[in-house]
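Engineer: Okay, so here is structure_24.txt, and as you'll see once you scroll down, it has compact mmCIF, C-alpha atoms.
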# COMPACT_ATOMS: atom_id res chain seq x y z
CA MET A 95 27.45 -17.98 -41.51
CA ILE A 96 29.21 -21.02 -42.99
CA SER A 97 29.88 -21.12 -46.73
CA VAL A 98 29.79 -24.63 -48.20
CA SER A 99 30.61 -25.71 -51.75
CA LEU A 100 28.35 -28.27 -53.42
CA ALA A 101 31.14 -30.88 -53.32
CA GLU A 102 31.61 -30.25 -49.59
CA ALA A 103 27.85 -30.56 -49.04
CA ARG A 104 27.87 -33.98 -50.74
CA ARG A 105 30.76 -35.16 -48.59
CA MET A 106 29.12 -33.82 -45.43
CA ALA A 107 25.95 -35.74 -46.26
CA LEU A 108 27.87 -38.95 -46.93
CA VAL A 109 29.81 -38.64 -43.67
CA ALA A 110 26.62 -38.00 -41.71
CA GLN A 111 24.87 -40.94 -43.35
CA GLY A 112 27.66 -43.40 -42.50
CA PHE A 113 29.29 -44.02 -45.89
CA VAL A 114 32.87 -43.13 -44.96
CA GLU A 115 34.06 -45.60 -42.32
CA PRO A 116 35.56 -48.91 -43.50
CA ARG A 117 33.10 -51.78 -43.50
CA PRO A 118 33.57 -53.99 -40.43
CA ALA A 119 34.83 -57.55 -40.76
CA ARG A 120 31.70 -58.76 -38.98
CA VAL A 121 28.34 -57.06 -38.65
CA GLY A 122 26.45 -57.85 -35.47
CA ALA A 123 23.90 -56.25 -33.18
CA ARG A 124 26.29 -53.54 -31.95
CA GLU A 125 27.06 -52.31 -35.47
CA LEU A 126 23.39 -52.38 -36.49
CA VAL A 127 22.24 -50.49 -33.39
CA ALA A 128 24.94 -47.87 -33.91
CA LEU A 129 23.91 -47.38 -37.53
CA VAL A 130 20.20 -46.95 -36.81
CA ASP A 131 21.06 -44.57 -33.98
CA ARG A 132 23.19 -42.59 -36.41
CA LEU A 133 20.49 -42.44 -39.09
CA GLY A 134 17.75 -41.86 -36.54
CA VAL A 135 15.14 -43.63 -38.67
CA VAL A 136 15.04 -46.48 -41.20
CA GLN A 137 12.02 -46.58 -43.51
CA ILE A 138 10.05 -49.81 -43.90
CA ASP A 139 8.38 -50.72 -47.18
CA SER A 140 6.40 -53.78 -48.23
CA VAL A 141 7.88 -54.32 -51.72
CA ASN A 142 9.92 -57.52 -51.77
CA VAL A 143 10.99 -57.90 -55.40
CA LEU A 144 14.63 -57.71 -54.26
CA VAL A 145 14.66 -57.69 -50.45
CA ARG A 146 12.63 -55.69 -47.93
CA SER A 147 13.83 -52.10 -48.08
CA HIS A 148 14.73 -51.73 -44.40
CA TYR A 149 17.43 -54.40 -44.77
CA LEU A 150 19.27 -52.49 -47.51
CA PRO A 151 20.66 -49.41 -45.68
CA ALA A 152 22.79 -51.57 -43.37
CA PHE A 153 24.07 -53.64 -46.30
CA SER A 154 24.92 -50.49 -48.27
CA ARG A 155 26.98 -49.08 -45.41
CA LEU A 156 28.26 -52.07 -43.45
CA GLY A 157 28.31 -54.96 -45.90
CA GLY A 158 26.86 -58.45 -45.62
CA TYR A 159 24.99 -59.39 -42.45
CA GLU A 160 22.14 -61.58 -41.29
CA PRO A 161 18.78 -59.77 -41.74
CA ALA A 162 17.49 -61.79 -38.79
CA ALA A 163 19.95 -59.84 -36.62
CA LEU A 164 18.17 -56.61 -37.56
CA ASP A 165 14.76 -58.20 -36.93
CA ALA A 166 15.86 -59.29 -33.47
CA LEU A 167 16.56 -55.71 -32.43
CA SER A 168 12.86 -54.85 -32.66
CA HIS A 169 11.36 -58.32 -32.14
CA GLU A 170 13.12 -59.63 -29.04
CA ALA A 171 13.82 -58.33 -25.55
CA PRO A 172 15.75 -56.33 -24.64
CA ARG A 173 14.61 -54.29 -27.65
CA THR A 174 16.84 -51.52 -28.96
CA LEU A 175 14.54 -50.53 -31.87
CA PHE A 176 10.81 -50.05 -32.16
CA GLU A 177 8.40 -49.54 -35.02
CA TYR A 178 6.36 -46.38 -35.47
CA TRP A 179 5.63 -43.59 -37.93
CA GLY A 180 8.95 -41.73 -38.20
CA HIS A 181 9.52 -40.75 -41.83
CA GLU A 182 6.90 -43.23 -43.00
CA ALA A 183 6.48 -46.61 -41.30
CA SER A 184 9.92 -46.88 -39.74
CA LEU A 185 12.32 -48.52 -37.36
CA LEU A 186 13.47 -46.05 -34.72
CA PRO A 187 15.97 -46.12 -31.85
CA ILE A 188 14.14 -47.20 -28.69
CA GLU A 189 15.19 -43.96 -26.97
CA LEU A 190 12.79 -42.11 -29.27
CA PHE A 191 9.69 -43.89 -27.94
CA PRO A 192 8.98 -41.15 -25.35
CA THR A 193 9.90 -38.51 -27.93
CA MET A 194 7.12 -39.74 -30.24
CA HIS A 195 4.52 -39.31 -27.49
CA TRP A 196 3.48 -35.93 -28.95
CA ARG A 197 2.66 -37.58 -32.29
CA MET A 198 0.73 -40.34 -30.54
CA GLU A 199 -1.23 -37.77 -28.55
CA LEU A 200 -1.94 -35.81 -31.73
CA ALA A 201 -3.37 -38.95 -33.34
CA HIS A 202 -5.32 -39.70 -30.17
CA ARG A 203 -6.96 -36.28 -30.13
CA HIS A 204 -7.16 -35.58 -33.85
CA ALA A 205 -7.53 -38.75 -35.89
CA TRP A 206 -7.64 -38.21 -39.64
CA GLY A 207 -9.00 -39.86 -42.73
CA ARG A 208 -10.78 -43.16 -42.24
CA MET A 209 -9.33 -43.48 -38.73
CA LYS A 210 -11.25 -40.36 -37.71
CA ARG A 211 -14.59 -41.97 -38.59
CA VAL A 212 -13.82 -45.19 -36.73
CA ALA A 213 -12.36 -43.42 -33.67
CA ARG A 214 -15.30 -41.02 -33.44
CA TYR A 215 -18.29 -43.14 -34.36
CA GLN A 216 -17.29 -46.70 -33.53
CA LYS A 217 -15.94 -46.39 -30.01
CA GLN A 218 -17.24 -49.81 -28.96
CA LEU A 219 -15.42 -51.45 -31.87
CA VAL A 220 -12.21 -49.69 -30.88
CA ALA A 221 -12.66 -50.82 -27.27
CA ASP A 222 -13.32 -54.40 -28.40
CA VAL A 223 -10.22 -54.45 -30.59
CA LEU A 224 -8.07 -52.99 -27.81
CA ALA A 225 -9.42 -55.59 -25.38
CA MET A 226 -8.62 -58.35 -27.86
CA VAL A 227 -5.03 -57.15 -28.20
CA SER A 228 -4.77 -56.94 -24.40
CA GLU A 229 -6.08 -60.49 -23.98
CA ARG A 230 -4.43 -62.23 -26.93
CA GLY A 231 -1.45 -60.12 -27.99
CA PRO A 232 0.82 -60.35 -29.81
CA ILE A 233 -1.90 -60.65 -32.45
CA ALA A 234 -2.04 -59.96 -36.19
CA ALA A 235 -4.70 -57.91 -37.94
CA SER A 236 -5.72 -61.03 -39.85
CA ASP A 237 -6.57 -62.71 -36.52
CA VAL A 238 -8.78 -59.93 -35.23
CA GLU A 239 -12.38 -61.10 -35.55
CA VAL A 240 -14.94 -58.87 -33.90
CA GLY A 241 -17.93 -60.53 -35.50
CA LYS A 242 -20.80 -58.82 -37.27
CA ARG A 243 -22.09 -56.53 -34.55
CA ARG A 244 -24.61 -53.79 -35.08
CA LYS A 245 -23.39 -50.26 -34.56
CA PRO A 246 -25.10 -48.85 -31.46
CA GLY A 247 -28.02 -46.72 -32.58
CA ARG A 248 -27.00 -47.01 -36.24
CA GLY A 249 -27.83 -49.34 -39.05
CA GLY A 250 -25.37 -51.47 -40.91
CA TRP A 251 -22.60 -53.79 -39.82
CA TRP A 252 -19.00 -53.58 -38.75
CA GLY A 253 -16.73 -55.24 -41.29
CA TRP A 254 -13.16 -56.41 -41.40
CA SER A 255 -11.88 -53.11 -42.79
CA ASP A 256 -13.23 -51.20 -39.80
CA ALA A 257 -11.49 -53.53 -37.35
CA LYS A 258 -8.22 -53.12 -39.21
CA THR A 259 -8.69 -49.35 -39.26
CA ALA A 260 -9.26 -49.46 -35.50
CA LEU A 261 -5.95 -51.33 -35.10
CA GLU A 262 -4.16 -48.71 -37.19
CA TRP A 263 -5.61 -45.87 -35.13
CA LEU A 264 -4.66 -47.60 -31.89
CA PHE A 265 -1.14 -48.02 -33.30
CA TRP A 266 -0.89 -44.39 -34.43
CA SER A 267 -2.15 -43.17 -31.05
CA GLY A 268 0.31 -45.32 -29.11
CA GLN A 269 -2.26 -47.48 -27.34
CA ILE A 270 -0.80 -50.56 -29.01
CA THR A 271 2.53 -51.17 -30.69
CA SER A 272 4.28 -53.67 -32.93
CA ALA A 273 5.68 -56.60 -30.97
CA ARG A 274 7.21 -58.13 -34.09
CA ARG A 275 6.39 -59.02 -37.68
CA SER A 276 5.61 -62.45 -39.10
CA ASN A 277 5.87 -62.74 -42.90
CA PHE A 278 5.92 -58.95 -42.78
CA GLU A 279 2.55 -58.75 -41.01
CA ARG A 280 2.57 -56.75 -37.80
CA LEU A 281 1.74 -58.50 -34.56
CA TYR A 282 0.27 -56.00 -32.11
CA ASP A 283 0.59 -55.89 -28.35
CA LEU A 284 0.39 -53.39 -25.49
CA PRO A 285 3.38 -51.01 -25.23
CA ALA A 286 3.90 -51.92 -21.57
CA ARG A 287 4.63 -55.50 -22.66
CA VAL A 288 6.93 -54.53 -25.54
CA ILE A 289 8.88 -51.38 -24.67
CA PRO A 290 11.65 -51.85 -22.06
CA PRO A 291 10.32 -50.74 -18.65
CA ALA A 292 12.94 -48.03 -18.14
CA ILE A 293 12.04 -46.45 -21.50
CA PHE A 294 8.29 -46.90 -21.07
CA ALA A 295 8.38 -45.20 -17.65
CA ARG A 296 10.38 -42.22 -18.88
CA ARG A 297 8.63 -38.86 -18.82
CA PRO A 298 7.67 -37.87 -22.35
CA PRO A 299 9.16 -34.55 -23.45
CA THR A 300 6.85 -31.67 -24.23
CA PRO A 301 5.97 -31.22 -27.92
CA ALA A 302 8.49 -28.38 -28.15
CA GLU A 303 11.21 -30.49 -26.55
CA ALA A 304 10.36 -33.42 -28.83
CA HIS A 305 10.65 -31.24 -31.93
CA GLU A 306 14.03 -29.98 -30.74
CA GLN A 307 15.25 -33.56 -30.35
CA LEU A 308 13.97 -34.59 -33.78
CA VAL A 309 15.25 -31.55 -35.67
CA GLU A 310 18.65 -31.90 -34.02
CA ARG A 311 18.75 -35.60 -34.96
CA SER A 312 17.79 -34.68 -38.50
CA ALA A 313 20.60 -32.14 -38.70
CA ARG A 314 23.13 -34.68 -37.46
CA ALA A 315 21.90 -37.30 -39.95
CA LEU A 316 21.80 -34.99 -42.97
CA GLY A 317 25.13 -33.19 -42.57
CA VAL A 318 23.90 -29.96 -44.16
CA ALA A 319 20.21 -29.28 -44.71
CA THR A 320 17.61 -26.69 -45.58
CA GLU A 321 14.51 -26.12 -43.49
CA VAL A 322 12.55 -28.38 -45.85
CA ASP A 323 15.17 -31.13 -45.51
CA LEU A 324 15.04 -30.95 -41.72
CA ARG A 325 11.25 -31.00 -41.74
CA ASP A 326 10.95 -33.94 -44.13
CA TYR A 327 13.26 -36.30 -42.23
CA TYR A 328 10.65 -36.97 -39.53
CA ARG A 329 7.72 -35.48 -41.45
CA LEU A 330 7.23 -32.50 -39.14
CA ALA A 331 4.86 -29.58 -39.62
CA VAL A 332 6.09 -26.34 -41.21
CA LYS A 333 5.23 -24.04 -38.30
CA ASP A 334 6.71 -26.33 -35.64
CA THR A 335 9.92 -26.94 -37.59
CA ARG A 336 10.46 -23.28 -38.35
CA ALA A 337 10.06 -22.33 -34.69
CA THR A 338 12.36 -25.16 -33.59
CA ILE A 339 15.09 -24.19 -36.04
CA GLY A 340 14.93 -20.63 -34.71
CA THR A 341 15.36 -21.90 -31.15
CA LEU A 342 18.28 -24.18 -32.05
CA VAL A 343 20.03 -21.42 -34.01
CA GLU A 344 19.58 -19.07 -31.06
CA ARG A 345 21.23 -21.64 -28.77
CA GLY A 346 24.07 -22.26 -31.21
CA VAL A 347 23.08 -25.88 -31.84
CA LEU A 348 22.45 -25.18 -35.52
CA LEU A 349 24.72 -22.91 -37.53
CA PRO A 350 23.34 -21.01 -40.54
CA ALA A 351 25.03 -21.87 -43.83
CA THR A 352 24.92 -21.18 -47.53
CA VAL A 353 25.50 -23.95 -50.06
CA GLU A 354 26.69 -23.35 -53.59
CA SER A 355 23.76 -23.35 -56.05
CA TRP A 356 21.16 -23.92 -53.32
CA PRO A 357 18.56 -21.12 -53.47
CA LYS A 358 17.50 -21.47 -49.83
CA PRO A 359 19.47 -21.08 -46.58
CA ALA A 360 20.89 -24.20 -44.96
CA PHE A 361 21.94 -25.31 -41.49
CA VAL A 362 24.79 -27.38 -40.07
CA HIS A 363 24.92 -29.00 -36.64
CA ARG A 364 27.60 -27.45 -34.47
CA ASP A 365 29.23 -30.86 -33.92
CA ALA A 366 29.35 -31.80 -37.60
CA PRO A 367 32.88 -32.90 -38.54
CA PRO A 368 34.64 -31.11 -41.40
CA PRO A 369 34.20 -32.95 -44.70
CA PRO A 370 37.17 -35.05 -45.82
CA PRO A 371 38.98 -33.96 -48.99
CA VAL A 372 37.80 -37.04 -50.86
CA ILE A 373 35.45 -39.99 -50.33
CA GLU A 374 35.92 -43.36 -51.96
CA THR A 375 33.00 -45.72 -51.59
CA THR A 376 30.61 -47.72 -53.73
CA ALA A 377 27.11 -48.77 -52.75
CA LEU A 378 23.74 -49.66 -54.20
CA LEU A 379 20.97 -47.73 -52.46
CA SER A 380 17.42 -48.66 -51.67
CA PRO A 381 14.99 -46.19 -53.29
CA PHE A 382 13.82 -45.59 -49.70
CA ASP A 383 17.31 -44.94 -48.29
CA SER A 384 17.48 -41.85 -46.10
CA LEU A 385 20.33 -40.48 -48.24
CA ILE A 386 17.99 -40.14 -51.23
CA TRP A 387 14.39 -40.51 -50.06
CA MET A 388 13.70 -36.78 -50.51
CA ARG A 389 13.76 -36.54 -54.30
CA GLU A 390 14.24 -32.78 -54.57
CA ARG A 391 17.19 -32.86 -52.16
CA THR A 392 18.73 -35.78 -54.07
CA GLU A 393 18.59 -33.80 -57.30
CA ARG A 394 19.90 -30.67 -55.59
CA LEU A 395 22.75 -32.56 -53.91
CA PHE A 396 23.75 -35.19 -56.47
CA GLY A 397 22.22 -34.04 -59.73
CA MET A 398 20.24 -37.27 -60.23
CA ARG A 399 16.49 -37.23 -60.79
CA VAL A 400 15.18 -40.23 -58.86
CA ARG A 401 11.55 -41.31 -59.26
CA LEU A 402 9.83 -44.44 -57.97
CA GLU A 403 8.21 -46.17 -60.95
CA ILE A 404 6.58 -49.12 -59.17
CA TYR A 405 3.12 -47.71 -59.80
CA THR A 406 3.91 -46.51 -63.31
CA PRO A 407 2.55 -48.70 -66.14
CA ALA A 408 5.35 -50.92 -67.45
CA HIS A 409 5.40 -49.37 -70.92
CA LYS A 410 5.87 -45.89 -69.42
CA ARG A 411 8.76 -46.73 -67.08
CA VAL A 412 12.05 -45.03 -67.86
CA HIS A 413 14.46 -46.99 -65.63
CA GLY A 414 12.48 -49.97 -64.32
CA TYR A 415 10.28 -51.35 -61.56
CA TYR A 416 12.58 -51.47 -58.50
CA VAL A 417 15.55 -49.26 -59.26
CA LEU A 418 18.58 -48.81 -57.01
CA PRO A 419 20.81 -45.78 -57.61
CA MET A 420 24.53 -46.51 -57.31
CA LEU A 421 26.83 -44.32 -55.28
CA ALA A 422 30.44 -44.27 -56.48
CA GLY A 423 32.92 -41.94 -54.87
CA GLU A 424 31.02 -38.81 -53.95
CA THR A 425 28.04 -38.92 -56.28
CA LEU A 426 25.35 -41.02 -57.89
CA VAL A 427 26.67 -42.35 -61.18
CA ALA A 428 24.22 -45.05 -62.32
CA ARG A 429 21.11 -47.03 -61.47
CA VAL A 430 19.97 -50.62 -61.90
CA ASP A 431 16.57 -52.34 -61.89
CA LEU A 432 17.00 -55.44 -59.72
CA LYS A 433 14.99 -58.55 -59.00
CA ALA A 434 15.89 -61.49 -56.78
CA ASP A 435 14.60 -64.58 -58.58
CA ARG A 436 14.62 -66.83 -55.55
CA GLU A 437 13.21 -69.85 -57.33
CA ALA A 438 15.98 -69.77 -59.98
CA ARG A 439 18.51 -68.52 -57.38
CA VAL A 440 19.53 -65.62 -59.60
CA LEU A 441 20.00 -61.89 -59.03
CA ARG A 442 18.68 -60.28 -62.20
CA ALA A 443 19.84 -56.87 -63.41
CA GLN A 444 16.86 -56.16 -65.64
CA ALA A 445 18.09 -52.78 -66.86
CA ALA A 446 21.07 -50.54 -66.10
CA HIS A 447 21.58 -46.87 -66.83
CA VAL A 448 24.60 -44.62 -66.39
CA GLU A 449 24.61 -40.88 -65.76
CA GLY A 450 27.08 -39.14 -68.07
CA ARG A 451 29.61 -40.96 -70.20
CA ALA A 452 31.76 -42.98 -67.78
CA LYS A 453 30.27 -46.33 -68.84
CA SER A 454 33.33 -48.48 -68.31
CA ALA A 455 34.04 -47.35 -64.76
CA ALA A 456 30.35 -47.46 -63.80
CA ALA A 457 29.92 -50.96 -65.24
CA LYS A 458 32.96 -52.29 -63.37
CA ALA A 459 31.78 -50.80 -60.08
CA MET A 460 28.21 -52.01 -60.57
CA ALA A 461 29.33 -55.54 -61.43
CA ARG A 462 31.33 -55.71 -58.19
CA GLU A 463 28.35 -54.45 -56.18
CA LEU A 464 25.96 -56.92 -57.81
CA VAL A 465 28.23 -59.86 -57.03
CA ARG A 466 28.54 -58.62 -53.45
CA MET A 467 24.77 -58.26 -53.13
CA ALA A 468 24.12 -61.68 -54.67
CA ALA A 469 26.44 -63.28 -52.12
CA TRP A 470 24.58 -61.49 -49.29
CA LEU A 471 21.24 -62.74 -50.62
CA ALA A 472 22.61 -66.29 -51.07
CA LEU A 473 21.99 -66.15 -54.83
CA PRO A 474 24.79 -67.98 -56.67
CA ARG A 475 24.33 -66.24 -60.02
CA VAL A 476 24.03 -62.73 -61.40
CA GLU A 477 22.39 -62.28 -64.77
CA ALA A 478 22.26 -59.01 -66.68
CA ILE A 479 19.90 -58.08 -69.50
CA ASP A 480 21.09 -55.77 -72.25
CA ARG A 481 18.62 -53.04 -71.47
CA GLY A 482 19.40 -49.41 -70.74
CA ASN A 483 22.46 -47.46 -71.81
CA LEU A 484 24.68 -49.44 -69.42
CA GLY A 485 23.24 -52.91 -69.97
CA SER A 486 25.71 -54.16 -72.58
CA SER A 487 28.72 -52.81 -70.66
CA LEU A 488 27.48 -54.45 -67.49
CA LYS A 489 27.13 -57.80 -69.26
CA ARG A 490 30.74 -57.63 -70.40
CA GLU A 491 31.84 -57.05 -66.81
CA LEU A 492 30.19 -60.27 -65.62
CA PRO A 493 32.24 -62.89 -67.49
CA GLY A 494 31.42 -66.56 -67.43
CA ILE A 495 27.76 -65.99 -66.62
CA ARG A 496 24.95 -66.81 -69.02
CA PHE A 497 23.02 -63.70 -69.88
CA PRO A 498 19.44 -64.28 -70.96
CA GLY A 499 17.93 -62.04 -73.57
CA ALA A 500 15.22 -59.60 -72.67
CA THR A 501 11.80 -61.16 -72.43
As a first step, turn the structure in this file into structure tokens.

Structural biologist:
Amino acid sequence: MISVSLAEARRMALVAQGFVEPRPARVGARELVALVDRLGVVQIDSVNVLVRSHYLPAFSRLGGYEPAALDALSHEAPRTLFEYWGHEASLLPIELFPTMHWRMELAHRHAWGRMKRVARYQKQLVADVLAMVSERGPIAASDVEVGKRRKPGRGGWWGWSDAKTALEWLFWSGQITSARRSNFERLYDLPARVIPPAIFARRPPTPAEAHEQLVERSARALGVATEVDLRDYYRLAVKDTRATIGTLVERGVLLPATVESWPKPAFVHRDAPPPPPVIETTALLSPFDSLIWMRERTERLFGMRVRLEIYTPAHKRVHGYYVLPMLAGETLVARVDLKADREARVLRAQAAHVEGRAKSAAAKAMARELVRMAAWLALPRVEAIDRGNLGSSLKRELPGIRFPGAT
């Protein structure tokens, strides 16, 4: 049994998530592939008020790079990443394509929600959509037109939503995959035409073997984790995860641990490096970053309560619409609501909040990160609004820039 202090747990998580190594002078395909392999999964999200979320983890850890370089890894042969349901919609290392076969088979045999109705009762529609992808792929959902055909033996008509649902079920069940995205819309094609032949031909592991691979990857990526943490990383079922953890502990792959102030047992991968005595880093984090995407773990590890307020009415928001927590040193010290005003070519800090009382240090660090992010996004100005308990301090740290008032 390993005993871990809370400070050590934070440092272990930051090491595992790739926040310790110096940022490279140049970020190319090799660095991006290595990072995604290390994280095991990068969540995709459609919100584009700042920049698409899946571009942010690499910037936070590696520094400025060309987002097109990340796109190329999953859009162009030879692909090293592919898109599937990992945590949510995600980019995954290409080696995990066979590993996800169990989830594809599960979707194939047990569709759920709206997909269940289409898969069960509209088999001809599904066959027509699959044939269209086979004939015309890569093809977008907006280009799939199956016409208004009567359901065999049933009244009514097939509509656009049913065709799109059929595409989603075919994607979930692995019969089609994402060849690339255009303006963020998926273009679907057959896996045999997208996945590298050597990977596509590989024997899929059994469900038990797949769970062992995924739980072990989760443990490596998290540093120290409870059963719930390990389960959430790839959204695994309780029963399967619990059995897998037992197997990996029995083999010595996972080591039981206790963490200061954590009420539940934790686990550490046997190859996890010892935490360094101190970590010095600063980074703005996507709200969908794998370091903080599990809100309860984030609060347990860093003491910050992070909530996504995109769907909260504006007058009820506490911190803002698209809020990025800021990592400084070994903990989360502040957060900022950001918007990339591309027409005005301005990065806008619409509100800033600090945790605790270290306003001056937090404002200095945040100002540096905002300037760095603006340069990456090719926005020549940063403007801060005096909103939140850090807003005025942040404005003072951005000299020579016109600061508009709140509107």

Engineer: Have a look at A:Ala234, A:Leu402, A:Leu484, A:Ala302 and name the one nearest to Ile270 of chain A; count only C-alpha atoms.

Structural biologist: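 Of all the options, A:Ala234 lies closest to Ile270 of chain A.
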
Engineer: Looking at only C-alpha atoms, which of A:Phe382, A:Ala257, A:Asn142, A:Ser154 is the one that sits closest to Phe278 of chain A?

Structural biologist: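 Comparing A:Phe382, A:Ala257, A:Asn142, A:Ser154 against Phe278 of chain A, the winner is A:Asn142.
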
Engineer: Find the residues near Val130 of chain A: any atom within 10 Å, counting only C-alpha atoms, skip ones fewer than 3 places away on the same chain, and give them as JSON, numbers by chain.

Structural biologist: {"A": [125, 126, 127, 133, 134, 135, 136, 151, 152, 164, 174, 175, 185, 186, 187]}

Engineer: Please return as a ChimeraX atom specification every residue within 9 Å of (29.2, -26.9, -51.6), taking into account only C-alpha atoms and the file's own coordinates.

Structural biologist: /A:97-105,352-356,395

Engineer: Between atom CA of Val114 of chain A and atom CA of Leu418 of chain A, what is the spacing in Å?

Structural biologist: 19.5 Å

Engineer: Please check which residues have atoms at most 6 Å from (15.5, -55.1, -62.7) in the file's coordinates, counting only C-alpha atoms, and write them as a list of chain:residue names.

Structural biologist: A:Asp431, A:Leu432, A:Lys433, A:Ala443, A:Gln444, A:Ala445

Engineer: Go ahead and fit an axis-aligned box to every listed atom of segment 141-150 of chain A plus 5 Å each side, and pass me the centre and edge lengths in Å, one decimal, as lines of an AutoDock Vina configuration file.

Structural biologist:
center_x = 13.6
center_y = -54.8
center_z = -49.9
size_x = 21.4
size_y = 16.2
size_z = 21.0

Engineer: May I ask which of the residues A:Glu189, A:Pro369, A:Ala260, A:Ala201 is the closest one to Val223 of chain A, counting all atoms listed in the file?

Structural biologist: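 Smallest distance to Val223 of chain A is found for A:Ala260.
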
Engineer: Find the distance between atom CA of His181 of chain A and atom CA of Gly112 of chain A and write it in Å to one decimal.

Structural biologist: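 These two atoms are separated by 18.3 Å.
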
Engineer: Closest to Gly122 of chain A among A:Val143, A:Ser312, A:Gln218, A:Tyr159, using all atoms listed in the file?

Structural biologist: A:Tyr159

Engineer: Can you work out the spacing between atom CA of Ile339 of chain A and atom CA of Gln137 of chain A in Å, to one decimal?

Structural biologist: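 Separating atom CA of Ile339 of chain A from atom CA of Gln137 of chain A is a distance of 23.8 Å.
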
Engineer: Which residue is closest to Arg391 of chain A? Choose from A:Glu321, A:Asp139, A:Asp165, A:Asp131 and count all atoms listed in the file.

Structural biologist: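 Nearest candidate to Arg391 of chain A out of A:Glu321, A:Asp139, A:Asp165, A:Asp131: A:Glu321.
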
Engineer: Counting all atoms listed in the file, which residue out of A:Met106, A:Met398, A:Val220, A:Ala422 sits closest to Ala452 of chain A?

Structural biologist: A:Ala422

Engineer: Contacts of Arg173 of chain A at 10 Å or less, counting all atoms listed in the file, minus same-chain residues fewer than 6 places along, as a list in words?

Structural biologist: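 Result of the neighbour search: Ala166, Leu167, Pro187, Ile188, Ala273, Val288, Ile289 and Pro290 of chain A.
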
Engineer: Please rebuild segment 197-209 of chain A with N, CA and C atoms and give the result as an mmCIF file, in the frame of the given file.

Structural biologist:
data_model
loop_
_atom_site.group_PDB
_atom_site.id
_atom_site.type_symbol
_atom_site.label_atom_id
_atom_site.label_comp_id
_atom_site.auth_asym_id
_atom_site.auth_seq_id
_atom_site.Cartn_x
_atom_site.Cartn_y
_atom_site.Cartn_z
ATOM 1 N N ARG A 197 3.333 -37.154 -31.066
ATOM 2 C CA ARG A 197 2.660 -37.580 -32.290
ATOM 3 C C ARG A 197 1.534 -38.568 -31.958
ATOM 4 N N MET A 198 1.767 -39.413 -30.975
ATOM 5 C CA MET A 198 0.730 -40.340 -30.540
ATOM 6 C C MET A 198 -0.451 -39.586 -29.942
ATOM 7 N N GLU A 199 -0.162 -38.570 -29.138
ATOM 8 C CA GLU A 199 -1.230 -37.770 -28.550
ATOM 9 C C GLU A 199 -2.000 -37.012 -29.626
ATOM 10 N N LEU A 200 -1.286 -36.523 -30.627
ATOM 11 C CA LEU A 200 -1.940 -35.810 -31.730
ATOM 12 C C LEU A 200 -2.916 -36.740 -32.449
ATOM 13 N N ALA A 201 -2.489 -37.978 -32.698
ATOM 14 C CA ALA A 201 -3.370 -38.950 -33.340
ATOM 15 C C ALA A 201 -4.536 -39.310 -32.430
ATOM 16 N N HIS A 202 -4.281 -39.348 -31.128
ATOM 17 C CA HIS A 202 -5.320 -39.700 -30.170
ATOM 18 C C HIS A 202 -6.410 -38.626 -30.153
ATOM 19 N N ARG A 203 -5.991 -37.375 -30.224
ATOM 20 C CA ARG A 203 -6.960 -36.280 -30.130
ATOM 21 C C ARG A 203 -7.527 -35.870 -31.481
ATOM 22 N N HIS A 204 -6.742 -36.064 -32.534
ATOM 23 C CA HIS A 204 -7.160 -35.580 -33.850
ATOM 24 C C HIS A 204 -6.899 -36.655 -34.897
ATOM 25 N N ALA A 205 -7.669 -37.720 -34.857
ATOM 26 C CA ALA A 205 -7.530 -38.750 -35.890
ATOM 27 C C ALA A 205 -7.889 -38.135 -37.239
ATOM 28 N N TRP A 206 -7.399 -38.759 -38.309
ATOM 29 C CA TRP A 206 -7.640 -38.210 -39.640
ATOM 30 C C TRP A 206 -8.042 -39.326 -40.596
ATOM 31 N N GLY A 207 -8.606 -38.908 -41.716
ATOM 32 C CA GLY A 207 -9.000 -39.860 -42.730
ATOM 33 C C GLY A 207 -10.011 -40.867 -42.206
ATOM 34 N N ARG A 208 -9.867 -42.088 -42.643
ATOM 35 C CA ARG A 208 -10.780 -43.160 -42.240
ATOM 36 C C ARG A 208 -10.691 -43.428 -40.740
ATOM 37 N N MET A 209 -9.486 -43.247 -40.172
ATOM 38 C CA MET A 209 -9.330 -43.480 -38.730
ATOM 39 C C MET A 209 -10.217 -42.547 -37.925
#
